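Student: Sending over structure24.tsv (TSV, C-alpha atoms).
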```
chain	number	residue	atom	x	y	z
W	626	LEU	CA	84.42	-40.47	70.43
W	627	ALA	CA	85.38	-43.88	69.05
W	628	ASP	CA	89.06	-43.21	69.82
W	629	GLU	CA	88.22	-42.10	73.34
W	630	ALA	CA	86.05	-45.17	73.90
W	631	GLY	CA	88.88	-47.39	72.68
W	632	VAL	CA	91.32	-45.87	75.15
W	633	GLY	CA	88.82	-46.32	77.97
W	634	THR	CA	88.30	-49.96	77.02
W	635	GLN	CA	92.05	-50.61	76.98
W	636	GLU	CA	92.49	-48.98	80.39
W	637	ALA	CA	89.63	-51.03	81.82
W	638	ALA	CA	91.10	-54.24	80.39
W	639	SER	CA	94.50	-53.40	81.87
W	640	ALA	CA	92.91	-52.76	85.26
W	641	ASP	CA	91.02	-56.06	85.06
W	642	LEU	CA	94.23	-57.91	84.19
W	643	THR	CA	96.06	-56.36	87.13
W	644	ARG	CA	93.21	-57.11	89.53
W	645	LEU	CA	92.80	-60.73	88.43
W	646	SER	CA	96.57	-61.27	88.51
W	647	SER	CA	96.63	-60.03	92.10
W	648	GLU	CA	93.76	-62.36	93.00
W	649	LEU	CA	95.63	-65.32	91.54
W	650	ARG	CA	98.83	-64.45	93.38
W	651	ALA	CA	97.01	-64.01	96.69
W	652	ALA	CA	95.22	-67.35	96.30
W	653	LEU	CA	98.43	-69.21	95.47
W	654	ASP	CA	100.31	-67.59	98.36
W	655	LEU	CA	97.53	-68.69	100.73
W	656	LEU	CA	97.60	-72.24	99.33
W	657	ASP	CA	93.94	-71.76	98.38
W	658	GLU	CA	93.44	-74.09	95.42
W	659	PRO	CA	89.71	-73.37	94.78
W	660	ALA	CA	90.34	-69.60	94.75
W	661	ALA	CA	93.35	-70.02	92.47
W	662	GLN	CA	91.34	-72.12	90.03
W	663	ALA	CA	88.54	-69.54	90.07
W	664	ALA	CA	91.04	-66.74	89.35
W	665	VAL	CA	92.43	-68.69	86.39
W	666	ASP	CA	88.87	-69.28	85.16
W	667	ARG	CA	88.16	-65.55	85.23
W	668	LEU	CA	91.42	-64.73	83.46
W	669	LEU	CA	90.80	-67.21	80.65
W	670	ALA	CA	87.20	-66.02	80.28
W	671	THR	CA	88.34	-62.41	79.91
W	672	PHE	CA	91.63	-62.55	78.00
W	673	THR	CA	93.29	-64.61	75.29
W	674	LEU	CA	95.42	-67.57	76.30
W	675	GLN	CA	98.55	-65.82	75.02
W	676	THR	CA	97.80	-62.74	77.16
W	677	VAL	CA	97.24	-64.83	80.28
W	678	LEU	CA	100.45	-66.79	79.72
W	679	ARG	CA	102.66	-63.83	78.77
W	680	ASP	CA	101.30	-61.16	81.12
W	681	VAL	CA	100.21	-63.19	84.14
W	682	VAL	CA	101.70	-66.68	84.42
W	683	LEU	CA	105.26	-65.98	83.26
W	684	PRO	CA	105.71	-62.81	85.36
W	685	TYR	CA	104.28	-64.61	88.38
W	686	LEU	CA	106.67	-67.54	87.96
W	687	ARG	CA	109.66	-65.19	87.64
W	688	GLU	CA	108.58	-63.24	90.70
W	689	LEU	CA	107.95	-66.43	92.68
W	690	GLY	CA	111.44	-67.69	91.87
W	691	GLU	CA	112.97	-64.39	92.99
W	692	ARG	CA	110.92	-64.37	96.21
W	693	TRP	CA	111.96	-67.96	96.93
W	694	GLU	CA	115.65	-67.12	96.44
W	695	GLN	CA	115.29	-64.12	98.77
W	696	GLY	CA	113.45	-66.15	101.40
W	697	ASP	CA	110.19	-64.25	100.92
W	698	ALA	CA	108.33	-67.31	99.65
W	699	SER	CA	108.35	-70.73	101.31
W	700	VAL	CA	109.13	-74.03	99.66
W	701	ALA	CA	105.52	-74.99	100.30
W	702	GLN	CA	104.27	-71.91	98.42
W	703	GLU	CA	106.64	-72.54	95.51
W	704	HIS	CA	105.66	-76.20	95.21
W	705	PHE	CA	101.96	-75.51	95.63
W	706	ALA	CA	101.86	-72.73	93.02
W	707	SER	CA	103.93	-74.72	90.53
W	708	ASN	CA	101.73	-77.80	90.90
W	709	VAL	CA	98.45	-75.87	90.60
W	710	LEU	CA	99.61	-73.99	87.51
W	711	ARG	CA	101.20	-77.06	85.95
W	712	GLY	CA	98.00	-79.06	86.38
W	713	ARG	CA	95.91	-76.29	84.89
W	714	LEU	CA	98.22	-75.78	81.91
W	715	LEU	CA	98.34	-79.50	81.17
W	716	GLY	CA	94.55	-79.48	81.25
W	717	LEU	CA	94.60	-76.79	78.57
W	718	ALA	CA	97.08	-78.93	76.64
W	719	ARG	CA	94.59	-81.73	76.13
W	720	GLY	CA	94.41	-82.45	72.41
W	721	TRP	CA	97.53	-80.48	71.50
W	722	GLY	CA	98.78	-83.52	69.60
W	723	GLN	CA	95.95	-83.18	67.08
W	724	GLY	CA	97.20	-80.09	65.27
W	725	ALA	CA	97.12	-80.15	61.48
W	726	GLY	CA	100.36	-78.19	61.14
W	727	PRO	CA	104.01	-79.18	61.62
W	728	ALA	CA	105.02	-81.36	64.55
W	729	ALA	CA	107.27	-80.29	67.40
W	730	VAL	CA	108.85	-82.59	69.98
W	731	LEU	CA	109.34	-80.88	73.35
W	732	ALA	CA	111.49	-82.23	76.19
W	733	CYS	CA	113.44	-81.13	79.21
W	734	ALA	CA	117.12	-82.08	79.28
W	735	PRO	CA	118.18	-85.05	81.43
W	736	GLY	CA	117.87	-84.10	85.09
W	737	GLU	CA	115.72	-81.03	84.39
W	738	LEU	CA	112.38	-81.07	86.24
W	739	HIS	CA	111.13	-77.51	85.68
W	740	ASP	CA	108.89	-77.81	82.64
W	741	LEU	CA	106.35	-74.99	83.04
W	742	PRO	CA	108.01	-72.69	80.47
W	743	LEU	CA	108.17	-75.60	78.02
W	744	ILE	CA	104.47	-76.35	78.53
W	745	ILE	CA	103.70	-72.67	77.90
W	746	PHE	CA	105.76	-72.77	74.70
W	747	GLY	CA	103.83	-75.85	73.56
W	748	LEU	CA	100.44	-74.31	74.32
W	749	VAL	CA	101.15	-71.25	72.19
W	750	LEU	CA	102.61	-73.33	69.37
W	751	ALA	CA	99.53	-75.58	69.48
W	752	ALA	CA	97.29	-72.51	69.33
W	753	CYS	CA	99.07	-71.70	66.07
W	754	GLY	CA	98.07	-75.10	64.66
W	755	TRP	CA	101.17	-77.15	65.43
W	756	GLN	CA	101.09	-80.77	66.58
W	757	ILE	CA	102.81	-81.12	69.94
W	758	VAL	CA	104.60	-84.29	71.07
W	759	TYR	CA	105.43	-83.62	74.71
W	760	LEU	CA	108.03	-85.85	76.40
W	761	GLY	CA	108.20	-83.87	79.63
W	762	PRO	CA	110.80	-83.46	82.39
W	763	ASP	CA	114.09	-85.34	82.72
W	764	THR	CA	114.15	-86.80	79.20
W	765	PRO	CA	117.22	-88.71	78.02
W	766	ILE	CA	118.33	-87.60	74.57
W	767	ALA	CA	118.13	-91.25	73.50
W	768	THR	CA	114.40	-91.10	74.26
W	769	ILE	CA	114.04	-88.17	71.88
W	770	GLN	CA	115.93	-90.17	69.27
W	771	ASP	CA	113.48	-93.05	69.77
W	772	ALA	CA	110.53	-90.70	69.29
W	773	LEU	CA	111.79	-89.83	65.81
W	774	ALA	CA	110.81	-93.32	64.69
W	775	ALA	CA	107.15	-92.44	65.27
W	776	VAL	CA	107.05	-88.76	64.33
W	777	GLU	CA	108.86	-86.52	61.84
W	778	PRO	CA	109.07	-83.18	63.65
W	779	LEU	CA	109.90	-79.89	62.04
W	780	LEU	CA	111.52	-78.93	65.33
W	781	VAL	CA	112.82	-80.53	68.53
W	782	VAL	CA	113.09	-78.26	71.57
W	783	VAL	CA	115.26	-79.22	74.55
W	784	ALA	CA	115.02	-76.99	77.63
W	785	ALA	CA	117.10	-76.65	80.77
W	786	MET	CA	117.42	-74.15	83.61
W	787	THR	CA	121.15	-74.74	84.11
W	788	LYS	CA	124.08	-74.91	81.70
W	789	GLU	CA	125.38	-78.09	83.33
W	790	ARG	CA	122.34	-80.13	82.34
W	791	LEU	CA	122.77	-79.20	78.70
W	792	ARG	CA	126.55	-79.63	78.72
W	793	ALA	CA	126.22	-83.16	80.08
W	794	SER	CA	124.30	-84.08	76.92
W	795	ARG	CA	126.42	-82.15	74.42
W	796	PRO	CA	127.55	-85.16	72.29
W	797	GLN	CA	124.02	-86.55	72.08
W	798	LEU	CA	122.53	-83.15	71.27
W	799	THR	CA	125.10	-82.63	68.53
W	800	GLU	CA	124.19	-85.99	67.04
W	801	LEU	CA	120.47	-85.22	67.34
W	802	ALA	CA	120.91	-81.88	65.56
W	803	GLN	CA	122.43	-83.73	62.61
W	804	ARG	CA	119.16	-85.63	62.16
W	805	VAL	CA	116.52	-83.00	62.85
W	806	PRO	CA	116.35	-79.23	63.55
W	807	VAL	CA	117.00	-78.70	67.26
W	808	ALA	CA	116.42	-75.62	69.41
W	809	ILE	CA	117.61	-75.16	72.98
W	810	ALA	CA	115.75	-73.03	75.50
W	811	GLY	CA	115.72	-71.99	79.12
W	812	ALA	CA	118.10	-70.14	81.42
W	813	GLY	CA	120.79	-72.76	80.81
W	814	ALA	CA	120.83	-72.27	77.04
W	815	THR	CA	123.44	-70.01	75.43
W	816	ASP	CA	124.23	-68.96	71.90
W	817	ALA	CA	127.73	-70.43	72.18
W	818	PHE	CA	126.35	-73.83	73.16
W	819	ALA	CA	123.80	-73.67	70.36
W	820	GLN	CA	126.52	-72.99	67.80
W	821	ALA	CA	128.72	-75.75	69.23
W	822	THR	CA	125.95	-78.34	68.90
W	823	GLY	CA	124.46	-77.18	65.61
W	824	SER	CA	121.21	-76.13	67.27
W	825	VAL	CA	119.30	-72.84	67.49
W	826	LEU	CA	118.87	-70.72	70.61
W	827	LEU	CA	115.34	-69.65	71.59
W	828	GLU	CA	116.15	-66.37	73.33
W	829	ALA	CA	112.73	-64.79	73.92
W	830	ASP	CA	110.14	-65.70	76.51
W	831	PRO	CA	108.23	-68.92	75.69
W	832	VAL	CA	105.17	-67.12	74.31
W	833	THR	CA	107.13	-64.83	72.00
W	834	ALA	CA	109.48	-67.63	70.94
W	835	ALA	CA	106.55	-69.88	69.97
W	836	GLU	CA	104.85	-67.08	68.04
W	837	ARG	CA	108.09	-66.41	66.13
W	838	ILE	CA	108.57	-70.08	65.27
W	839	ALA	CA	105.00	-70.31	64.01
W	840	ALA	CA	105.32	-67.12	61.95
W	841	GLU	CA	108.58	-68.28	60.37
W	842	ASN	CA	107.07	-71.60	59.30
W	843	ARG	CA	103.70	-70.55	57.85
```
Output the structure of this file as structure tokens.

Tutor:
Amino acid sequence: LADEAGVGTQEAASADLTRLSSELRAALDLLDEPAAQAAVDRLLATFTLQTVLRDVVLPYLRELGERWEQGDASVAQEHFASNVLRGRLLGLARGWGQGAGPAAVLACAPGELHDLPLIIFGLVLAACGWQIVYLGPDTPIATIQDALAAVEPLLVVVAAMTKERLRASRPQLTELAQRVPVAIAGAGATDAFAQATGSVLLEADPVTAAERIAAENR
């Protein structure tokens, strides 16, 4: 009976996740900010942050990007959804610099403006007790170097959606990796580039990658 009840509970939770995910997508597609916020509220009240990020937000962002490329989503929908989700995630990030664990400096490569996956990575790492120093989009590598005067991170993560944005900073990234452990992430990051610069490639999705980093440094 206990086993059967457990299966029923899991099926109900899965159905709830699917339903709430659909509500969030519909609200964002309709540019309905109050409804989108309410859907996020219900998701966070029902599921763990990691579940919401891995099973709802990341799949939605991937799907939205594909729909935009295919012309099935407008620029307005893409911008609206990104801004609503970014604002909500940054709200959850409040206090993520107060962790008692190791410090991580997170930044997007110069010219890179898409920082939602990096914010997600930071949220999960913060939930594991890490201290997050977030430098945000379009960060010159020299700015990261400057930050090292104020913080001694166990890891610096530089993210980019295109290879070109990382390649343009190859000499600076190589120099940075000689001072502190560096990881590169995003669609523009490759294993070959990581090896060439002395950095590490974060291959998994942001949630899984953050969980792995935290587990390896306990």

Student: Please return as a ChimeraX atom specification every residue within 8 Å of (110.3, -79.8, 66.2), taking into account all atoms listed in the file and the file's own coordinates.

Tutor: /W:727-731,778-782,805-807

Student: Could you name the residues that touch Gln803 of chain W at 12 Å or less, counting only C-alpha atoms, but leaving out those on the same chain fewer than 3 positions away, as a ChimeraX atom specification?

Tutor: /W:770,781,796-800,806-807,822-824

Student: Counting only C-alpha atoms, which of W:Leu689, W:Arg679, W:Asp666, W:Leu801 gets nearest to Leu773 of chain W?

Tutor: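 Smallest separation from Leu773 of chain W among the options: W:Leu801.
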
Student: Could you give me, as a tab-separated table, every segment 710-762 of chain W residue with an atom at most 8 Å from segment 833-841 of chain W, plus its closest atom pair and distance in Å to one decimal, counting only C-alpha atoms, rows ordered by chain then number?

Tutor:
```
residue	atom	partner	partner_atom	distance
W:Phe746	CA	W:Ala835	CA	5.6
W:Gly747	CA	W:Ala835	CA	7.5
W:Val749	CA	W:Ala835	CA	6.0
W:Leu750	CA	W:Ala835	CA	5.3
W:Cys753	CA	W:Ala839	CA	6.4
W:Trp755	CA	W:Ala839	CA	8.0
```

Student: Sorted by chain and rising residue number, which residues of segment 740-771 of chain W lie within 12 Å of segment 699-707 of chain W, and what are their closest atom pairs and distances in Å to one decimal, counting only C-alpha atoms, as a Markdown table?

Tutor:
```
| residue | atom | partner | partner_atom | distance |
| --- | --- | --- | --- | --- |
| W:Asp740 | CA | W:Ser707 | CA | 9.8 |
| W:Leu741 | CA | W:Ser707 | CA | 7.9 |
| W:Pro742 | CA | W:Ser707 | CA | 11.0 |
```

Student: How many Å lie between atom CA of Ala802 of chain W and atom CA of Gln756 of chain W, rounded to one decimal?

Tutor: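 Straight-line distance from atom CA of Ala802 of chain W to atom CA of Gln756 of chain W works out to 19.9 Å.
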